[in-house]
>>> print(open('entry16.pdb').read())   # PDB, N, CA and C atoms
MODEL        1
ATOM      1  N   MET A1429      -8.165  32.677  44.381  1.00  0.00           N
ATOM      2  CA  MET A1429      -7.001  31.909  44.001  1.00  0.00           C
ATOM      3  C   MET A1429      -7.464  30.556  43.441  1.00  0.00           C
ATOM      4  N   GLU A1430      -6.939  30.205  42.278  1.00  0.00           N
ATOM      5  CA  GLU A1430      -7.327  28.974  41.589  1.00  0.00           C
ATOM      6  C   GLU A1430      -6.347  27.865  41.933  1.00  0.00           C
ATOM      7  N   ILE A1431      -6.877  26.676  42.190  1.00  0.00           N
ATOM      8  CA  ILE A1431      -6.036  25.539  42.554  1.00  0.00           C
ATOM      9  C   ILE A1431      -5.680  24.780  41.279  1.00  0.00           C
ATOM     10  N   MET A1432      -4.413  24.541  41.083  1.00  0.00           N
ATOM     11  CA  MET A1432      -3.933  23.810  39.909  1.00  0.00           C
ATOM     12  C   MET A1432      -4.196  22.317  40.101  1.00  0.00           C
ATOM     13  N   PRO A1433      -4.718  21.649  39.076  1.00  0.00           N
ATOM     14  CA  PRO A1433      -4.928  20.207  39.200  1.00  0.00           C
ATOM     15  C   PRO A1433      -3.583  19.476  39.210  1.00  0.00           C
ATOM     16  N   MET A1434      -3.571  18.350  39.871  1.00  0.00           N
ATOM     17  CA  MET A1434      -2.349  17.546  39.952  1.00  0.00           C
ATOM     18  C   MET A1434      -2.123  16.844  38.619  1.00  0.00           C
ATOM     19  N   LEU A1435      -0.886  16.789  38.180  1.00  0.00           N
ATOM     20  CA  LEU A1435      -0.546  16.070  36.968  1.00  0.00           C
ATOM     21  C   LEU A1435      -0.445  14.583  37.290  1.00  0.00           C
ATOM     22  N   ASP A1436      -1.084  13.814  36.488  1.00  0.00           N
ATOM     23  CA  ASP A1436      -1.020  12.359  36.649  1.00  0.00           C
ATOM     24  C   ASP A1436       0.093  11.849  35.737  1.00  0.00           C
ATOM     25  N   ILE A1437       1.304  11.802  36.256  1.00  0.00           N
ATOM     26  CA  ILE A1437       2.482  11.454  35.471  1.00  0.00           C
ATOM     27  C   ILE A1437       2.384  10.042  34.877  1.00  0.00           C
ATOM     28  N   PRO A1438       1.964   9.042  35.629  1.00  0.00           N
ATOM     29  CA  PRO A1438       1.852   7.709  35.016  1.00  0.00           C
ATOM     30  C   PRO A1438       0.851   7.683  33.853  1.00  0.00           C
ATOM     31  N   GLN A1439      -0.283   8.354  34.029  1.00  0.00           N
ATOM     32  CA  GLN A1439      -1.282   8.387  32.949  1.00  0.00           C
ATOM     33  C   GLN A1439      -0.737   9.145  31.740  1.00  0.00           C
ATOM     34  N   LEU A1440      -0.035  10.245  31.972  1.00  0.00           N
ATOM     35  CA  LEU A1440       0.568  11.010  30.886  1.00  0.00           C
ATOM     36  C   LEU A1440       1.581  10.159  30.128  1.00  0.00           C
ATOM     37  N   SER A1441       2.374   9.385  30.857  1.00  0.00           N
ATOM     38  CA  SER A1441       3.354   8.511  30.230  1.00  0.00           C
ATOM     39  C   SER A1441       2.672   7.449  29.376  1.00  0.00           C
ATOM     40  N   MET A1442       1.594   6.858  29.885  1.00  0.00           N
ATOM     41  CA  MET A1442       0.865   5.840  29.121  1.00  0.00           C
ATOM     42  C   MET A1442       0.225   6.455  27.881  1.00  0.00           C
ATOM     43  N   ASP A1443      -0.330   7.654  28.006  1.00  0.00           N
ATOM     44  CA  ASP A1443      -0.943   8.327  26.859  1.00  0.00           C
ATOM     45  C   ASP A1443       0.089   8.617  25.773  1.00  0.00           C
ATOM     46  N   LEU A1444       1.254   9.103  26.172  1.00  0.00           N
ATOM     47  CA  LEU A1444       2.304   9.387  25.202  1.00  0.00           C
ATOM     48  C   LEU A1444       2.784   8.109  24.531  1.00  0.00           C
ATOM     49  N   SER A1445       2.903   7.042  25.304  1.00  0.00           N
ATOM     50  CA  SER A1445       3.322   5.765  24.745  1.00  0.00           C
ATOM     51  C   SER A1445       2.287   5.236  23.751  1.00  0.00           C
ATOM     52  N   MET A1446       1.010   5.357  24.087  1.00  0.00           N
ATOM     53  CA  MET A1446      -0.053   4.901  23.193  1.00  0.00           C
ATOM     54  C   MET A1446      -0.056   5.720  21.902  1.00  0.00           C
ATOM     55  N   ASN A1447       0.169   7.030  22.021  1.00  0.00           N
ATOM     56  CA  ASN A1447       0.233   7.871  20.822  1.00  0.00           C
ATOM     57  C   ASN A1447       1.389   7.444  19.926  1.00  0.00           C
ATOM     58  N   ARG A1448       2.521   7.107  20.537  1.00  0.00           N
ATOM     59  CA  ARG A1448       3.683   6.664  19.766  1.00  0.00           C
ATOM     60  C   ARG A1448       3.372   5.350  19.048  1.00  0.00           C
ATOM     61  N   VAL A1449       2.723   4.427  19.741  1.00  0.00           N
ATOM     62  CA  VAL A1449       2.370   3.139  19.129  1.00  0.00           C
ATOM     63  C   VAL A1449       1.399   3.351  17.970  1.00  0.00           C
ATOM     64  N   GLN A1450       0.395   4.199  18.161  1.00  0.00           N
ATOM     65  CA  GLN A1450      -0.567   4.465  17.092  1.00  0.00           C
ATOM     66  C   GLN A1450       0.106   5.104  15.889  1.00  0.00           C
ATOM     67  N   ARG A1451       1.041   6.031  16.141  1.00  0.00           N
ATOM     68  CA  ARG A1451       1.772   6.666  15.044  1.00  0.00           C
ATOM     69  C   ARG A1451       2.608   5.636  14.303  1.00  0.00           C
ATOM     70  N   ASP A1452       3.303   4.768  15.037  1.00  0.00           N
ATOM     71  CA  ASP A1452       4.134   3.744  14.406  1.00  0.00           C
ATOM     72  C   ASP A1452       3.294   2.781  13.567  1.00  0.00           C
ATOM     73  N   ILE A1453       2.122   2.422  14.072  1.00  0.00           N
ATOM     74  CA  ILE A1453       1.224   1.543  13.308  1.00  0.00           C
ATOM     75  C   ILE A1453       0.760   2.247  12.036  1.00  0.00           C
ATOM     76  N   GLY A1454       0.423   3.519  12.151  1.00  0.00           N
ATOM     77  CA  GLY A1454      -0.008   4.280  10.972  1.00  0.00           C
ATOM     78  C   GLY A1454       1.080   4.368   9.917  1.00  0.00           C
ATOM     79  N   VAL A1455       2.314   4.586  10.352  1.00  0.00           N
ATOM     80  CA  VAL A1455       3.432   4.662   9.410  1.00  0.00           C
ATOM     81  C   VAL A1455       3.662   3.300   8.754  1.00  0.00           C
ATOM     82  N   ALA A1456       3.564   2.229   9.526  1.00  0.00           N
ATOM     83  CA  ALA A1456       3.751   0.887   8.966  1.00  0.00           C
ATOM     84  C   ALA A1456       2.661   0.562   7.946  1.00  0.00           C
ATOM     85  N   MET A1457       1.434   0.953   8.237  1.00  0.00           N
ATOM     86  CA  MET A1457       0.342   0.692   7.293  1.00  0.00           C
ATOM     87  C   MET A1457       0.518   1.524   6.020  1.00  0.00           C
ATOM     88  N   LEU A1458       0.976   2.751   6.159  1.00  0.00           N
ATOM     89  CA  LEU A1458       1.234   3.580   4.991  1.00  0.00           C
ATOM     90  C   LEU A1458       2.338   2.975   4.144  1.00  0.00           C
ATOM     91  N   ASP A1459       3.373   2.451   4.784  1.00  0.00           N
ATOM     92  CA  ASP A1459       4.461   1.806   4.061  1.00  0.00           C
ATOM     93  C   ASP A1459       3.955   0.593   3.289  1.00  0.00           C
ATOM     94  N   MET A1460       3.087  -0.200   3.924  1.00  0.00           N
ATOM     95  CA  MET A1460       2.516  -1.363   3.240  1.00  0.00           C
ATOM     96  C   MET A1460       1.663  -0.925   2.060  1.00  0.00           C
ATOM     97  N   SER A1461       0.904   0.152   2.224  1.00  0.00           N
ATOM     98  CA  SER A1461       0.067   0.655   1.130  1.00  0.00           C
ATOM     99  C   SER A1461       0.913   1.127  -0.039  1.00  0.00           C
ATOM    100  N   LEU A1462       2.015   1.799   0.256  1.00  0.00           N
ATOM    101  CA  LEU A1462       2.898   2.271  -0.807  1.00  0.00           C
ATOM    102  C   LEU A1462       3.536   1.097  -1.550  1.00  0.00           C
ATOM    103  N   GLU A1463       3.946   0.067  -0.819  1.00  0.00           N
ATOM    104  CA  GLU A1463       4.525  -1.112  -1.464  1.00  0.00           C
ATOM    105  C   GLU A1463       3.490  -1.798  -2.350  1.00  0.00           C
ATOM    106  N   ASN A1464       2.248  -1.885  -1.860  1.00  0.00           N
ATOM    107  CA  ASN A1464       1.174  -2.513  -2.623  1.00  0.00           C
ATOM    108  C   ASN A1464       0.895  -1.717  -3.894  1.00  0.00           C
ATOM    109  N   ALA A1465       0.825  -0.395  -3.779  1.00  0.00           N
ATOM    110  CA  ALA A1465       0.573   0.451  -4.944  1.00  0.00           C
ATOM    111  C   ALA A1465       1.711   0.324  -5.953  1.00  0.00           C
ATOM    112  N   SER A1466       2.926   0.223  -5.461  1.00  0.00           N
ATOM    113  CA  SER A1466       4.074   0.082  -6.347  1.00  0.00           C
ATOM    114  C   SER A1466       4.013  -1.241  -7.111  1.00  0.00           C
ATOM    115  N   SER A1467       3.680  -2.332  -6.424  1.00  0.00           N
ATOM    116  CA  SER A1467       3.607  -3.628  -7.103  1.00  0.00           C
ATOM    117  C   SER A1467       2.441  -3.665  -8.090  1.00  0.00           C
ATOM    118  N   GLN A1468       1.333  -3.014  -7.758  1.00  0.00           N
ATOM    119  CA  GLN A1468       0.212  -2.953  -8.693  1.00  0.00           C
ATOM    120  C   GLN A1468       0.584  -2.126  -9.918  1.00  0.00           C
ATOM    121  N   GLY A1469       1.338  -1.063  -9.702  1.00  0.00           N
ATOM    122  CA  GLY A1469       1.793  -0.249 -10.834  1.00  0.00           C
ATOM    123  C   GLY A1469       2.715  -1.037 -11.739  1.00  0.00           C
ATOM    124  N   ASP A1470       3.618  -1.823 -11.134  1.00  0.00           N
ATOM    125  CA  ASP A1470       4.517  -2.659 -11.929  1.00  0.00           C
ATOM    126  C   ASP A1470       3.724  -3.687 -12.738  1.00  0.00           C
ATOM    127  N   ALA A1471       2.705  -4.285 -12.124  1.00  0.00           N
ATOM    128  CA  ALA A1471       1.872  -5.261 -12.830  1.00  0.00           C
ATOM    129  C   ALA A1471       1.121  -4.597 -13.984  1.00  0.00           C
ATOM    130  N   LEU A1472       0.641  -3.393 -13.768  1.00  0.00           N
ATOM    131  CA  LEU A1472      -0.067  -2.663 -14.826  1.00  0.00           C
ATOM    132  C   LEU A1472       0.865  -2.358 -15.986  1.00  0.00           C
ATOM    133  N   ILE A1473       2.094  -1.986 -15.690  1.00  0.00           N
ATOM    134  CA  ILE A1473       3.070  -1.715 -16.746  1.00  0.00           C
ATOM    135  C   ILE A1473       3.343  -2.984 -17.545  1.00  0.00           C
ATOM    136  N   ASP A1474       3.458  -4.129 -16.864  1.00  0.00           N
ATOM    137  CA  ASP A1474       3.676  -5.396 -17.570  1.00  0.00           C
ATOM    138  C   ASP A1474       2.512  -5.725 -18.490  1.00  0.00           C
ATOM    139  N   VAL A1475       1.293  -5.519 -18.012  1.00  0.00           N
ATOM    140  CA  VAL A1475       0.107  -5.787 -18.840  1.00  0.00           C
ATOM    141  C   VAL A1475       0.086  -4.862 -20.040  1.00  0.00           C
ATOM    142  N   MET A1476       0.411  -3.606 -19.836  1.00  0.00           N
ATOM    143  CA  MET A1476       0.403  -2.654 -20.950  1.00  0.00           C
ATOM    144  C   MET A1476       1.466  -3.013 -21.976  1.00  0.00           C
ATOM    145  N   ARG A1477       2.638  -3.466 -21.511  1.00  0.00           N
ATOM    146  CA  ARG A1477       3.697  -3.857 -22.453  1.00  0.00           C
ATOM    147  C   ARG A1477       3.276  -5.070 -23.279  1.00  0.00           C
ATOM    148  N   SER A1478       2.619  -6.038 -22.637  1.00  0.00           N
ATOM    149  CA  SER A1478       2.191  -7.225 -23.382  1.00  0.00           C
ATOM    150  C   SER A1478       1.063  -6.873 -24.356  1.00  0.00           C
ATOM    151  N   SER A1479       0.190  -5.949 -23.988  1.00  0.00           N
ATOM    152  CA  SER A1479      -0.881  -5.565 -24.910  1.00  0.00           C
ATOM    153  C   SER A1479      -0.336  -4.718 -26.049  1.00  0.00           C
ATOM    154  N   MET A1480       0.757  -4.012 -25.820  1.00  0.00           N
ATOM    155  CA  MET A1480       1.376  -3.256 -26.898  1.00  0.00           C
ATOM    156  C   MET A1480       1.911  -4.205 -27.961  1.00  0.00           C
ATOM    157  N   GLU A1481       2.431  -5.359 -27.552  1.00  0.00           N
ATOM    158  CA  GLU A1481       2.910  -6.343 -28.512  1.00  0.00           C
ATOM    159  C   GLU A1481       1.761  -6.814 -29.389  1.00  0.00           C
ATOM    160  N   LEU A1482       0.595  -7.034 -28.813  1.00  0.00           N
ATOM    161  CA  LEU A1482      -0.564  -7.456 -29.604  1.00  0.00           C
ATOM    162  C   LEU A1482      -1.042  -6.356 -30.534  1.00  0.00           C
ATOM    163  N   SER A1483      -0.925  -5.103 -30.123  1.00  0.00           N
ATOM    164  CA  SER A1483      -1.385  -4.029 -30.999  1.00  0.00           C
ATOM    165  C   SER A1483      -0.435  -3.844 -32.174  1.00  0.00           C
ATOM    166  N   VAL A1484       0.847  -4.182 -32.007  1.00  0.00           N
ATOM    167  CA  VAL A1484       1.811  -4.087 -33.096  1.00  0.00           C
ATOM    168  C   VAL A1484       1.657  -5.293 -34.019  1.00  0.00           C
ATOM    169  N   ASN A1485       1.414  -6.480 -33.455  1.00  0.00           N
ATOM    170  CA  ASN A1485       1.224  -7.717 -34.222  1.00  0.00           C
ATOM    171  C   ASN A1485      -0.122  -8.333 -33.840  1.00  0.00           C
ATOM    172  N   PRO A1486      -1.212  -7.784 -34.342  1.00  0.00           N
ATOM    173  CA  PRO A1486      -2.532  -8.246 -33.885  1.00  0.00           C
ATOM    174  C   PRO A1486      -2.872  -9.681 -34.274  1.00  0.00           C
ATOM    175  N   ASP A1487      -2.175 -10.260 -35.270  1.00  0.00           N
ATOM    176  CA  ASP A1487      -2.497 -11.615 -35.707  1.00  0.00           C
ATOM    177  C   ASP A1487      -1.834 -12.681 -34.842  1.00  0.00           C
ATOM    178  N   ILE A1488      -0.875 -12.305 -34.036  1.00  0.00           N
ATOM    179  CA  ILE A1488      -0.181 -13.294 -33.203  1.00  0.00           C
ATOM    180  C   ILE A1488      -1.141 -13.801 -32.124  1.00  0.00           C
ATOM    181  N   GLY A1489      -1.316 -15.087 -32.096  1.00  0.00           N
ATOM    182  CA  GLY A1489      -2.163 -15.708 -31.073  1.00  0.00           C
ATOM    183  C   GLY A1489      -3.651 -15.612 -31.358  1.00  0.00           C
ATOM    184  N   ALA A1490      -4.036 -15.118 -32.534  1.00  0.00           N
ATOM    185  CA  ALA A1490      -5.459 -14.971 -32.843  1.00  0.00           C
ATOM    186  C   ALA A1490      -6.076 -16.289 -33.293  1.00  0.00           C
ATOM    187  N   ASN A1491      -5.285 -17.192 -33.872  1.00  0.00           N
ATOM    188  CA  ASN A1491      -5.806 -18.461 -34.381  1.00  0.00           C
ATOM    189  C   ASN A1491      -5.108 -19.619 -33.694  1.00  0.00           C
ATOM    190  N   ILE A1492      -5.863 -20.715 -33.517  1.00  0.00           N
ATOM    191  CA  ILE A1492      -5.307 -21.927 -32.921  1.00  0.00           C
ATOM    192  C   ILE A1492      -5.590 -23.065 -33.880  1.00  0.00           C
ATOM    193  N   ASP A1493      -4.554 -23.804 -34.248  1.00  0.00           N
ATOM    194  CA  ASP A1493      -4.721 -24.976 -35.102  1.00  0.00           C
ATOM    195  C   ASP A1493      -4.988 -26.187 -34.233  1.00  0.00           C
ATOM    196  N   VAL A1494      -6.098 -26.866 -34.491  1.00  0.00           N
ATOM    197  CA  VAL A1494      -6.473 -28.025 -33.709  1.00  0.00           C
ATOM    198  C   VAL A1494      -6.700 -29.194 -34.659  1.00  0.00           C
ATOM    199  N   SER A1495      -6.130 -30.353 -34.328  1.00  0.00           N
ATOM    200  CA  SER A1495      -6.358 -31.576 -35.115  1.00  0.00           C
ATOM    201  C   SER A1495      -7.060 -32.590 -34.223  1.00  0.00           C
ATOM    202  N   VAL A1496      -8.081 -33.253 -34.782  1.00  0.00           N
ATOM    203  CA  VAL A1496      -8.815 -34.253 -34.030  1.00  0.00           C
ATOM    204  C   VAL A1496      -8.661 -35.602 -34.691  1.00  0.00           C
TER
ENDMDL
END
>>> encode(input="entry16.pdb", output="structure tokens")
Amino acid sequence: MEIMPMLDIPQLSMDLSMNRVQRDIGVAMLDMSLENASSQGDALIDVMRSSMELSVNPDIGANIDVSV
């Protein structure tokens, strides 16, 4: 006959709570990463739009008139 080990209910509760905290932290970090990627994508689109203006009008901003 095999003896069943005793369940450590307080330890089980702490383990489950720690797993929940780790999961919540992981989700929060993923959310921050997605927001960061989204803002970087928006910045890239802005840069591409401004460079498209230069490719359509390449002479704009190419020369600077300076008087001394």
>>> atom_distance(input="entry16.pdb", atom1="atom N of Leu1440 in chain A", atom2="atom N of Val1455 in chain A")
22.5 Å
>>> atom_distance(input="entry16.pdb", atom1="CA of Gln1450 in chain A", atom2="CA of Met1434 in chain A")
26.4 Å
>>> atom_distance(input="entry16.pdb", atom1="CA of Met1442 in chain A", atom2="CA of Leu1458 in chain A")
24.2 Å
>>> select_by_dssp(input="entry16.pdb", residues="chain A", states="helix (DSSP H, G or I)", output="ChimeraX atom specification")
/A:1437-1484
